[in-house]
Structure formats: C-alpha cells, structure tokens
>>> print(open('model.cif').read())   # mmCIF, C-alpha atoms (C1' of nucleotides)
data_final
#
loop_
_atom_site.label_atom_id
_atom_site.label_comp_id
_atom_site.auth_asym_id
_atom_site.auth_seq_id
_atom_site.Cartn_x
_atom_site.Cartn_y
_atom_site.Cartn_z
CA MET X 1 116.76 -13.52 139.32
CA ARG X 2 119.27 -13.34 136.54
CA SER X 3 118.44 -10.33 134.42
CA VAL X 4 117.27 -11.23 130.96
CA HIS X 5 118.69 -9.74 127.81
CA HIS X 6 116.82 -7.14 125.78
CA PRO X 7 118.22 -6.04 122.42
CA THR X 8 118.72 -2.37 121.72
CA LEU X 9 116.76 -0.70 118.95
CA ASP X 10 119.71 -0.76 116.56
CA ASP X 11 120.04 -4.49 117.01
CA LEU X 12 116.50 -5.21 115.91
CA ARG X 13 116.25 -6.85 112.54
CA LEU X 14 113.17 -6.87 110.43
CA PRO X 15 113.18 -10.55 109.48
CA ASP X 16 113.43 -11.52 113.14
CA VAL X 17 110.56 -9.24 114.10
CA LEU X 18 108.37 -10.55 111.30
CA HIS X 19 109.24 -14.12 112.15
CA ALA X 20 108.39 -13.55 115.79
CA LEU X 21 105.02 -12.19 114.73
CA SER X 22 104.30 -14.97 112.26
CA ASP X 23 103.29 -17.54 114.86
CA PRO X 24 99.60 -17.61 115.84
CA VAL X 25 100.36 -18.17 119.51
CA ARG X 26 102.76 -15.24 119.65
CA LEU X 27 100.40 -13.09 117.65
CA ASP X 28 97.75 -13.88 120.23
CA ILE X 29 100.10 -12.92 123.04
CA VAL X 30 100.92 -9.62 121.37
CA GLY X 31 97.24 -8.95 120.89
CA HIS X 32 96.59 -9.49 124.58
CA LEU X 33 99.46 -7.23 125.52
CA ALA X 34 98.19 -4.51 123.22
CA SER X 35 94.69 -4.61 124.62
CA ALA X 36 96.15 -4.30 128.10
CA GLY X 37 97.71 -0.98 127.20
CA GLY X 38 100.28 -0.44 129.93
CA GLU X 39 102.68 -2.73 131.67
CA GLU X 40 101.21 -5.82 133.14
CA CYS X 41 100.32 -9.32 132.11
CA ALA X 42 101.90 -11.97 134.25
CA CYS X 43 103.06 -14.68 131.92
CA GLY X 44 100.48 -17.19 133.00
CA ALA X 45 97.64 -14.89 131.98
CA LEU X 46 98.82 -14.48 128.43
CA CYS X 47 98.05 -17.78 126.88
CA THR X 48 96.37 -20.88 128.22
CA SER X 49 96.45 -22.98 125.08
CA VAL X 50 100.04 -24.15 125.46
CA SER X 51 102.15 -25.56 128.26
CA LYS X 52 104.18 -23.23 130.42
CA SER X 53 107.43 -24.34 128.86
CA THR X 54 106.09 -23.58 125.41
CA LEU X 55 104.81 -20.23 126.62
CA SER X 56 108.19 -19.44 128.09
CA HIS X 57 109.77 -20.25 124.74
CA HIS X 58 107.42 -17.93 122.87
CA LEU X 59 108.01 -15.10 125.32
CA LYS X 60 111.72 -15.58 124.81
CA VAL X 61 111.33 -15.31 121.04
CA LEU X 62 109.28 -12.13 121.39
CA ARG X 63 111.74 -10.63 123.85
CA GLU X 64 114.80 -11.40 121.74
CA ALA X 65 113.13 -9.99 118.66
CA GLY X 66 112.68 -6.75 120.60
CA ILE X 67 108.91 -6.85 120.68
CA THR X 68 108.38 -7.27 124.39
CA ARG X 69 110.08 -6.33 127.61
CA THR X 70 110.17 -8.59 130.63
CA ARG X 71 110.90 -7.55 134.18
CA ALA X 72 110.83 -9.50 137.39
CA ASN X 73 108.36 -8.77 140.14
CA GLY X 74 108.66 -11.15 143.00
CA THR X 75 107.81 -14.64 141.94
CA HIS X 76 106.32 -13.66 138.65
CA ARG X 77 107.29 -11.66 135.58
CA LEU X 78 105.61 -8.71 134.01
CA VAL X 79 105.63 -8.56 130.25
CA SER X 80 104.90 -5.47 128.20
CA LEU X 81 105.02 -4.34 124.60
CA ARG X 82 107.90 -2.13 123.48
CA GLU X 83 105.37 -0.21 121.47
CA ASP X 84 107.00 3.23 121.38
CA GLU X 85 110.42 1.84 120.63
CA LEU X 86 109.15 -0.33 117.82
CA GLU X 87 107.32 2.62 116.38
CA GLN X 88 110.59 4.49 116.36
CA ARG X 89 112.55 1.68 114.75
CA PHE X 90 109.91 0.36 112.34
CA PRO X 91 107.29 3.08 111.98
CA GLY X 92 103.76 1.82 111.53
CA LEU X 93 104.68 -1.84 111.58
CA LEU X 94 103.32 -2.93 114.93
CA GLY X 95 100.29 -0.73 114.52
CA SER X 96 99.31 -2.29 111.23
CA VAL X 97 99.85 -5.78 112.60
CA LEU X 98 97.71 -5.01 115.62
CA GLY X 99 95.06 -3.59 113.35
CA ALA X 100 95.13 -6.70 111.20
CA VAL X 101 95.04 -9.10 114.12
CA ARG X 102 91.59 -7.88 115.07
CA THR X 103 89.86 -9.45 112.13
CA MET D 1 101.06 -23.29 80.97
CA ARG D 2 98.86 -24.45 83.79
CA SER D 3 97.45 -21.41 85.53
CA VAL D 4 98.78 -20.94 89.01
CA HIS D 5 96.61 -20.40 92.04
CA HIS D 6 96.20 -17.03 93.70
CA PRO D 7 94.28 -16.76 96.96
CA THR D 8 91.44 -14.29 97.25
CA LEU D 9 91.70 -11.45 99.74
CA ASP D 10 89.44 -13.17 102.25
CA ASP D 11 91.66 -16.21 102.23
CA LEU D 12 94.75 -14.28 103.25
CA ARG D 13 95.89 -14.96 106.76
CA LEU D 14 98.10 -12.70 108.74
CA PRO D 15 100.49 -15.34 110.10
CA ASP D 16 101.10 -16.63 106.59
CA VAL D 17 101.77 -13.16 105.25
CA LEU D 18 104.17 -12.37 108.08
CA HIS D 19 105.91 -15.68 107.68
CA ALA D 20 106.31 -15.11 103.96
CA LEU D 21 107.89 -11.76 104.71
CA SER D 22 110.17 -13.07 107.44
CA ASP D 23 112.71 -14.63 105.11
CA PRO D 24 115.58 -12.36 103.99
CA VAL D 25 115.53 -13.68 100.43
CA ARG D 26 111.81 -13.09 100.06
CA LEU D 27 112.09 -9.70 101.71
CA ASP D 28 114.71 -8.84 99.14
CA ILE D 29 112.44 -9.97 96.34
CA VAL D 30 109.58 -7.88 97.67
CA GLY D 31 111.89 -4.90 97.92
CA HIS D 32 112.89 -5.28 94.29
CA LEU D 33 109.27 -5.60 93.22
CA ALA D 34 108.35 -2.49 95.15
CA SER D 35 111.10 -0.40 93.63
CA ALA D 36 109.93 -1.52 90.21
CA GLY D 37 106.55 0.04 90.75
CA GLY D 38 104.38 -1.57 88.15
CA GLU D 39 104.15 -5.00 86.75
CA GLU D 40 107.35 -6.53 85.57
CA CYS D 41 110.25 -8.46 86.94
CA ALA D 42 110.91 -11.69 85.17
CA CYS D 43 111.76 -14.22 87.83
CA GLY D 44 115.40 -14.47 86.93
CA ALA D 45 115.94 -10.78 87.57
CA LEU D 46 114.65 -10.87 91.14
CA CYS D 47 117.32 -12.67 93.00
CA THR D 48 120.69 -14.02 91.93
CA SER D 49 121.86 -15.32 95.28
CA VAL D 50 119.97 -18.60 95.16
CA SER D 51 119.43 -21.34 92.63
CA LYS D 52 116.48 -21.17 90.31
CA SER D 53 114.67 -23.98 92.09
CA THR D 54 115.03 -22.15 95.39
CA LEU D 55 113.86 -18.93 93.81
CA SER D 56 110.85 -20.73 92.38
CA HIS D 57 110.06 -22.01 95.85
CA HIS D 58 110.23 -18.52 97.38
CA LEU D 59 108.02 -17.09 94.66
CA LYS D 60 105.51 -19.80 95.37
CA VAL D 61 105.48 -18.95 99.06
CA LEU D 62 104.95 -15.28 98.28
CA ARG D 63 102.23 -16.05 95.78
CA GLU D 64 100.33 -18.42 98.08
CA ALA D 65 100.53 -15.92 100.91
CA GLY D 66 98.82 -13.43 98.61
CA ILE D 67 101.72 -11.02 98.38
CA THR D 68 102.55 -11.39 94.72
CA ARG D 69 100.79 -12.18 91.48
CA THR D 70 102.34 -14.25 88.73
CA ARG D 71 101.25 -14.34 85.12
CA ALA D 72 102.72 -16.09 82.14
CA ASN D 73 104.23 -14.22 79.25
CA GLY D 74 105.67 -16.51 76.67
CA THR D 75 108.53 -18.46 78.08
CA HIS D 76 108.90 -16.40 81.17
CA ARG D 77 106.73 -15.18 84.03
CA LEU D 78 106.00 -11.71 85.20
CA VAL D 79 105.73 -11.17 88.91
CA SER D 80 104.13 -8.16 90.58
CA LEU D 81 103.16 -7.01 94.04
CA ARG D 82 99.48 -7.16 95.02
CA GLU D 83 100.01 -3.83 96.70
CA ASP D 84 96.54 -2.35 96.49
CA GLU D 85 94.83 -5.54 97.50
CA LEU D 86 97.11 -6.02 100.48
CA GLU D 87 96.47 -2.45 101.51
CA GLN D 88 92.77 -3.21 101.47
CA ARG D 89 93.09 -6.42 103.45
CA PHE D 90 95.85 -5.40 105.89
CA PRO D 91 96.00 -1.60 105.82
CA GLY D 92 99.45 -0.17 106.26
CA LEU D 93 101.18 -3.49 106.66
CA LEU D 94 103.07 -3.78 103.41
CA GLY D 95 103.88 -0.09 103.43
CA SER D 96 105.50 -0.24 106.83
CA VAL D 97 107.45 -3.35 105.89
CA LEU D 98 108.69 -1.70 102.71
CA GLY D 99 109.62 1.36 104.70
CA ALA D 100 111.54 -0.75 107.18
CA VAL D 101 113.33 -2.78 104.56
CA ARG D 102 115.12 0.30 103.31
CA THR D 103 117.32 0.63 106.34
"C1'" DC E 1 113.86 -23.17 157.48
"C1'" DT E 2 110.32 -25.25 154.67
"C1'" DC E 3 107.21 -25.17 151.26
"C1'" DA E 4 104.45 -23.84 147.38
"C1'" DT E 5 104.48 -21.05 143.21
"C1'" DC E 6 106.22 -19.30 139.12
"C1'" DG E 7 109.04 -19.45 135.34
"C1'" DT E 8 113.27 -21.22 132.91
"C1'" DT E 9 116.03 -24.82 131.04
"C1'" DC E 10 116.88 -29.51 129.36
"C1'" DG E 11 116.17 -33.44 126.46
"C1'" DA E 12 113.46 -35.50 123.12
"C1'" DT E 13 110.21 -35.70 119.37
"C1'" DG E 14 107.88 -34.60 115.26
"C1'" DC E 15 107.14 -31.51 111.65
"C1'" DA E 16 108.04 -27.70 108.60
"C1'" DA E 17 111.26 -24.98 105.93
"C1'" DC E 18 115.45 -23.75 103.07
"C1'" DT E 19 118.58 -25.39 99.87
"C1'" DC E 20 120.32 -27.69 95.91
"C1'" DG E 21 120.84 -30.50 91.48
"C1'" DA E 22 118.48 -33.25 88.23
"C1'" DA E 23 114.65 -34.22 85.58
"C1'" DC E 24 110.58 -32.62 83.47
"C1'" DG E 25 106.99 -29.55 80.83
"C1'" DT E 26 106.15 -25.25 78.00
"C1'" DT E 27 106.99 -21.96 74.93
"C1'" DA E 28 109.25 -19.34 71.12
"C1'" DG E 29 112.09 -19.54 67.10
"C1'" DC E 30 114.37 -21.72 63.49
"C1'" DG S 1 109.63 -31.28 64.10
"C1'" DC S 2 114.10 -29.72 66.93
"C1'" DT S 3 116.29 -26.94 69.95
"C1'" DA S 4 117.19 -23.56 73.47
"C1'" DA S 5 115.48 -20.90 77.31
"C1'" DC S 6 112.70 -20.48 81.25
"C1'" DG S 7 110.52 -22.07 85.19
"C1'" DT S 8 108.37 -25.91 87.99
"C1'" DT S 9 108.56 -30.16 90.32
"C1'" DC S 10 110.89 -34.02 92.56
"C1'" DG S 11 113.95 -36.23 95.79
"C1'" DA S 12 117.16 -35.63 99.31
"C1'" DG S 13 119.77 -33.44 102.92
"C1'" DT S 14 120.22 -30.21 106.52
"C1'" DT S 15 118.53 -27.19 109.59
"C1'" DG S 16 115.28 -24.82 112.43
"C1'" DC S 17 111.05 -24.60 115.10
"C1'" DA S 18 106.97 -25.78 118.06
"C1'" DT S 19 105.70 -28.69 121.57
"C1'" DC S 20 105.74 -31.30 125.72
"C1'" DG S 21 107.07 -33.29 130.45
"C1'" DA S 22 110.45 -33.40 133.89
"C1'" DA S 23 113.86 -31.33 136.45
"C1'" DC S 24 115.79 -27.22 138.16
"C1'" DG S 25 116.27 -22.37 140.33
"C1'" DA S 26 114.35 -18.29 142.50
"C1'" DT S 27 111.15 -15.94 145.26
"C1'" DG S 28 107.74 -14.93 148.82
"C1'" DA S 29 104.79 -16.82 152.62
"C1'" DG S 30 104.14 -19.17 156.81
#
>>> encode(input="model.cif", output="structure tokens")
Amino acid sequence: MRSVHHPTLDDLRLPDVLHALSDPVRLDIVGHLASAGGEECACGALCTSVSKSTLSHHLKVLREAGITRTRANGTHRLVSLREDELEQRFPGLLGSVLGAVRT
Amino acid sequence: MRSVHHPTLDDLRLPDVLHALSDPVRLDIVGHLASAGGEECACGALCTSVSKSTLSHHLKVLREAGITRTRANGTHRLVSLREDELEQRFPGLLGSVLGAVRT
DNA sequence: CTCATCGTTCGATGCAACTCGAACGTTAGC
DNA sequence: GCTAACGTTCGAGTTGCATCGAACGATGAG
C-alpha cells in the first residue's frame, strides 16, 4: 500500500486537534481506541453507525490532526492513538477529553 | 436589554464545547479572557480582526457552548470565562486548552 | 491466476458555519 | 426628547463538512 502521511508533533495545531475531536462519531472512535489501550482496532471495528467511506473520512481527519496513527497489516489497517505524543505536545488535553467522554 | 441565555452545566455537551474552541478567532478570545483573570472584557476589546457582527456571532457560540458568561453593563457587555464551572463539568479540559494555546 | 475482502477515492448532495454590511434595539448623556 | 455608542439580528454569499453509493486499488487465500 501507499504509505499514509502522519504529521510530526511540531506540525500539530490546536484548532485542528479540537476540530477533529468535536465530531461525535470521531469522539466515539477515539473513545474506543482509548479503551483498547494498545495498538489494534481494525477500522471496521471502530464504528458501525456510518458507511465505510464515511468512516474512512473520519479516520483521515483524525490521522491528519495527529490524533491517531494508521499502519497497514495485510488487507486491513491497524489504528492506534498517539497518546504519548499528544501528551507531550498538548499536555493533559487528550486525557481530559477522554475523561469527559465517559459521561 | 433582553437577558441572554446561558446553558446549565448539565446541558453542556462535549462536542459543542470542542467545536466552540476549534475556531482560531474564538480560541484567541478565550485566551484573552483567561489572561484577564476576573470578569471584564467589553466585547470590543476582545478581538479586532473581525467585524463586530462576526465577533457577536463568535461570542454567541462561546456563550451557548457554556464557555463564557455575558452580562449587561449599561451600553456595553461584560464577558467572562465560566472557568470554575467548566472545571467541574469537564475537569482539566479548559486548563489544558489554555496551556496549549500559549505556544 | 482468480476471487473475495478491506479500505480509499470520487462525485454528488445537503447542511452547517464564517464572514460581512446594513438595519435595528438599548442605553447613557445632553 | 435627541443623539451617539454599543451590540444584536438579518440577509446574503462563500466556504467547508458530513454523508452516501459506486468505482477503484491492494492484499491475501485458494
């Protein structure tokens, strides 16, 4: 597959991150990823409420905002949270969002 | 003046708060309010890069998301952050955003 | 090689958001 | 009252975003 682009930490911008997190579907995806802890979550398992093209779009938004990392594994993709990196770039942000999402 | 509506803490929703914070102009406004500490900031002093109608729109978005409080004082309005209430509803969220905005 | 699976991309659609200027209250002061 | 200052609301224009189905590539299995 063609390798997908992941922004570096310095390229992350706060408005983009907040915008990526402001959509209920994406917030749900991030919540699932967080509760999975490590690296996993094939795309199809992340959200069943939207079509696969819509899901692909949301994963792209999250990836380009720097929130998730996607790597290929055979015919499917594994998506994971860039939790440690985000903590370094925007300390406490993801943690507080994840805390708030469980309400 | 007709009193404006402010949502109660229970009515605040995370996606709305994140969306309100995802716009650079509004993020700038929130940053100014935070650096002011207490209650002040007449609307006109918050942002000079947009027209007054646009500024009014952004302040409405912030207010309806539960991020700011607006009260009338004669011919102008005083806007303040609902910092303590937000901390209670979404612990750590506003603090981490304010920390990230100073970058 | 062929085929099924998984995900991306494309094109289109509908809706929401940002922006502005103009017009409209509201209020304070004269 | 009249006027000036401040902010909101309205109408309009432009843009961006979420969503879907269909078509396309890439990969592993048989």
>>> interface_residues(input="model.cif", of="chain E", to="chain X", cutoff="9 Å", atoms="only C-alpha atoms (C1' of nucleotides)", output="compact mmCIF listing (two decimals) with C-alpha atoms (C1' of nucleotides), in the frame of the given file")
# COMPACT_ATOMS: atom_id res chain seq x y z
C1' DT E 5 104.48 -21.05 143.21
C1' DC E 6 106.22 -19.30 139.12
C1' DG E 7 109.04 -19.45 135.34
C1' DT E 8 113.27 -21.22 132.91
C1' DT E 9 116.03 -24.82 131.04
>>> interface_residues(input="model.cif", of="chain S", to="chain D", cutoff="8 Å", atoms="all atoms listed in the file", output="list of chain:residue names")
S:DA5, S:DC6, S:DG7, S:DT8
>>> resolve_selection(input="model.cif", expression="the PyMOL selection byres ((chain X) within 7 of (chain D))", output="JSON, numbers by chain")
{"X": [15, 16, 18, 19, 21, 22, 23, 24, 90, 91, 92, 93, 96, 97, 100]}
>>> calpha_fit_and_write(input="model.cif", fixed="chain D", moving="chain X", output="short mmCIF file (atom, residue, chain, number, x, y, z; two decimals) with C-alpha atoms, keeping the file's coordinate frame")
data_model
loop_
_atom_site.label_atom_id
_atom_site.label_comp_id
_atom_site.auth_asym_id
_atom_site.auth_seq_id
_atom_site.Cartn_x
_atom_site.Cartn_y
_atom_site.Cartn_z
CA MET X 1 101.01 -23.23 80.94
CA ARG X 2 98.89 -24.44 83.78
CA SER X 3 97.44 -21.42 85.52
CA VAL X 4 98.76 -20.93 89.00
CA HIS X 5 96.58 -20.41 92.02
CA HIS X 6 96.18 -17.02 93.67
CA PRO X 7 94.27 -16.75 96.95
CA THR X 8 91.44 -14.27 97.25
CA LEU X 9 91.69 -11.43 99.73
CA ASP X 10 89.42 -13.16 102.24
CA ASP X 11 91.65 -16.20 102.22
CA LEU X 12 94.73 -14.28 103.24
CA ARG X 13 95.86 -14.95 106.76
CA LEU X 14 98.10 -12.70 108.73
CA PRO X 15 100.48 -15.34 110.08
CA ASP X 16 101.08 -16.63 106.57
CA VAL X 17 101.77 -13.15 105.24
CA LEU X 18 104.16 -12.37 108.08
CA HIS X 19 105.90 -15.69 107.67
CA ALA X 20 106.32 -15.11 103.95
CA LEU X 21 107.90 -11.76 104.71
CA SER X 22 110.17 -13.08 107.44
CA ASP X 23 112.73 -14.61 105.11
CA PRO X 24 115.59 -12.34 103.99
CA VAL X 25 115.55 -13.66 100.44
CA ARG X 26 111.82 -13.08 100.07
CA LEU X 27 112.09 -9.71 101.72
CA ASP X 28 114.70 -8.83 99.13
CA ILE X 29 112.43 -9.98 96.34
CA VAL X 30 109.56 -7.88 97.66
CA GLY X 31 111.86 -4.90 97.91
CA HIS X 32 112.86 -5.29 94.28
CA LEU X 33 109.26 -5.60 93.21
CA ALA X 34 108.32 -2.49 95.14
CA SER X 35 111.07 -0.41 93.62
CA ALA X 36 109.92 -1.53 90.19
CA GLY X 37 106.52 0.01 90.78
CA GLY X 38 104.35 -1.59 88.11
CA GLU X 39 104.13 -5.07 86.74
CA GLU X 40 107.34 -6.56 85.56
CA CYS X 41 110.27 -8.46 86.94
CA ALA X 42 110.92 -11.71 85.18
CA CYS X 43 111.74 -14.23 87.84
CA GLY X 44 115.38 -14.51 86.94
CA ALA X 45 115.95 -10.82 87.58
CA LEU X 46 114.64 -10.89 91.10
CA CYS X 47 117.33 -12.67 92.98
CA THR X 48 120.70 -14.01 91.92
CA SER X 49 121.89 -15.28 95.28
CA VAL X 50 119.98 -18.56 95.18
CA SER X 51 119.45 -21.31 92.65
CA LYS X 52 116.48 -21.16 90.33
CA SER X 53 114.71 -23.95 92.14
CA THR X 54 115.06 -22.12 95.42
CA LEU X 55 113.87 -18.92 93.79
CA SER X 56 110.87 -20.72 92.39
CA HIS X 57 110.08 -22.00 95.87
CA HIS X 58 110.23 -18.51 97.37
CA LEU X 59 108.03 -17.07 94.65
CA LYS X 60 105.54 -19.82 95.36
CA VAL X 61 105.49 -18.94 99.06
CA LEU X 62 104.95 -15.27 98.27
CA ARG X 63 102.22 -16.05 95.76
CA GLU X 64 100.34 -18.40 98.07
CA ALA X 65 100.53 -15.91 100.90
CA GLY X 66 98.81 -13.42 98.60
CA ILE X 67 101.71 -11.02 98.37
CA THR X 68 102.54 -11.39 94.71
CA ARG X 69 100.78 -12.17 91.48
CA THR X 70 102.34 -14.25 88.74
CA ARG X 71 101.25 -14.35 85.13
CA ALA X 72 102.73 -16.11 82.16
CA ASN X 73 104.21 -14.25 79.24
CA GLY X 74 105.68 -16.53 76.68
CA THR X 75 108.58 -18.45 78.08
CA HIS X 76 108.91 -16.37 81.18
CA ARG X 77 106.73 -15.18 84.05
CA LEU X 78 105.98 -11.71 85.21
CA VAL X 79 105.71 -11.19 88.92
CA SER X 80 104.13 -8.18 90.58
CA LEU X 81 103.14 -7.02 94.04
CA ARG X 82 99.48 -7.15 95.03
CA GLU X 83 100.02 -3.83 96.70
CA ASP X 84 96.53 -2.34 96.48
CA GLU X 85 94.84 -5.55 97.52
CA LEU X 86 97.11 -6.01 100.50
CA GLU X 87 96.48 -2.45 101.52
CA GLN X 88 92.79 -3.22 101.47
CA ARG X 89 93.10 -6.42 103.46
CA PHE X 90 95.85 -5.39 105.89
CA PRO X 91 96.01 -1.60 105.84
CA GLY X 92 99.47 -0.16 106.28
CA LEU X 93 101.20 -3.49 106.67
CA LEU X 94 103.08 -3.78 103.41
CA GLY X 95 103.88 -0.10 103.45
CA SER X 96 105.51 -0.24 106.85
CA VAL X 97 107.46 -3.35 105.90
CA LEU X 98 108.69 -1.70 102.72
CA GLY X 99 109.64 1.36 104.71
CA ALA X 100 111.55 -0.76 107.19
CA VAL X 101 113.33 -2.81 104.56
CA ARG X 102 115.15 0.27 103.33
CA THR X 103 117.36 0.57 106.35
#
>>> resolve_selection(input="model.cif", expression="the PyMOL selection byres ((chain E and resi 2) around 12)", output="MDAnalysis selection string")
(chainID E and resid 1 3:4) or (chainID S and resid 29:30)
>>> decode(input="model.cif", residues="segment 21-31 of chain X", atoms="all heavy atoms", output="short mmCIF file (atom, residue, chain, number, x, y, z; two decimals), in the first residue's frame")
data_model
loop_
_atom_site.label_atom_id
_atom_site.label_comp_id
_atom_site.auth_asym_id
_atom_site.auth_seq_id
_atom_site.Cartn_x
_atom_site.Cartn_y
_atom_site.Cartn_z
N LEU X 21 -11.75 16.52 17.22
CA LEU X 21 -12.40 15.90 18.37
C LEU X 21 -13.83 16.41 18.57
O LEU X 21 -14.53 15.92 19.46
CB LEU X 21 -11.58 16.18 19.64
CG LEU X 21 -10.21 15.50 19.71
CD1 LEU X 21 -9.43 16.00 20.91
CD2 LEU X 21 -10.35 13.99 19.76
N SER X 22 -14.26 17.34 17.78
CA SER X 22 -15.57 17.96 18.02
C SER X 22 -16.71 17.22 17.32
O SER X 22 -17.86 17.64 17.46
CB SER X 22 -15.55 19.41 17.56
OG SER X 22 -15.50 19.48 16.14
N ASP X 23 -16.40 16.17 16.60
CA ASP X 23 -17.45 15.41 15.93
C ASP X 23 -17.80 14.18 16.76
O ASP X 23 -16.90 13.44 17.17
CB ASP X 23 -16.98 14.99 14.53
CG ASP X 23 -18.06 14.25 13.78
OD1 ASP X 23 -18.15 13.01 13.95
OD2 ASP X 23 -18.82 14.89 13.03
N PRO X 24 -19.08 13.94 17.00
CA PRO X 24 -19.49 12.81 17.84
C PRO X 24 -18.97 11.47 17.35
O PRO X 24 -18.57 10.63 18.15
CB PRO X 24 -21.02 12.87 17.78
CG PRO X 24 -21.34 14.29 17.50
CD PRO X 24 -20.22 14.79 16.63
N VAL X 25 -18.99 11.27 16.04
CA VAL X 25 -18.51 10.00 15.51
C VAL X 25 -17.02 9.82 15.81
O VAL X 25 -16.57 8.77 16.28
CB VAL X 25 -18.76 9.92 13.99
CG1 VAL X 25 -18.10 8.69 13.39
CG2 VAL X 25 -20.25 9.93 13.70
N ARG X 26 -16.26 10.87 15.57
CA ARG X 26 -14.81 10.76 15.83
C ARG X 26 -14.52 10.64 17.31
O ARG X 26 -13.60 9.93 17.72
CB ARG X 26 -14.10 11.98 15.23
CG ARG X 26 -14.11 12.00 13.72
CD ARG X 26 -13.14 13.01 13.14
NE ARG X 26 -13.54 14.38 13.35
CZ ARG X 26 -14.20 15.12 12.46
NH1 ARG X 26 -14.53 14.60 11.30
NH2 ARG X 26 -14.51 16.36 12.72
N LEU X 27 -15.30 11.33 18.10
CA LEU X 27 -15.13 11.23 19.55
C LEU X 27 -15.39 9.79 19.99
O LEU X 27 -14.70 9.26 20.88
CB LEU X 27 -16.10 12.19 20.23
CG LEU X 27 -15.69 12.90 21.51
CD1 LEU X 27 -14.26 13.41 21.44
CD2 LEU X 27 -16.65 14.03 21.79
N ASP X 28 -16.36 9.16 19.38
CA ASP X 28 -16.67 7.77 19.68
C ASP X 28 -15.51 6.86 19.29
O ASP X 28 -15.13 5.95 20.03
CB ASP X 28 -17.95 7.38 18.94
CG ASP X 28 -18.46 6.02 19.37
OD1 ASP X 28 -18.70 5.83 20.58
OD2 ASP X 28 -18.61 5.15 18.50
N ILE X 29 -14.95 7.14 18.13
CA ILE X 29 -13.81 6.34 17.66
C ILE X 29 -12.65 6.48 18.64
O ILE X 29 -12.03 5.48 19.04
CB ILE X 29 -13.38 6.81 16.26
CG1 ILE X 29 -14.46 6.48 15.24
CG2 ILE X 29 -12.05 6.19 15.87
CD1 ILE X 29 -14.21 7.05 13.85
N VAL X 30 -12.35 7.69 19.04
CA VAL X 30 -11.25 7.93 19.97
C VAL X 30 -11.51 7.23 21.30
O VAL X 30 -10.61 6.65 21.90
CB VAL X 30 -11.04 9.45 20.18
CG1 VAL X 30 -10.06 9.71 21.30
CG2 VAL X 30 -10.53 10.07 18.89
N GLY X 31 -12.75 7.25 21.72
CA GLY X 31 -13.10 6.55 22.95
C GLY X 31 -12.84 5.06 22.85
O GLY X 31 -12.30 4.45 23.77
#
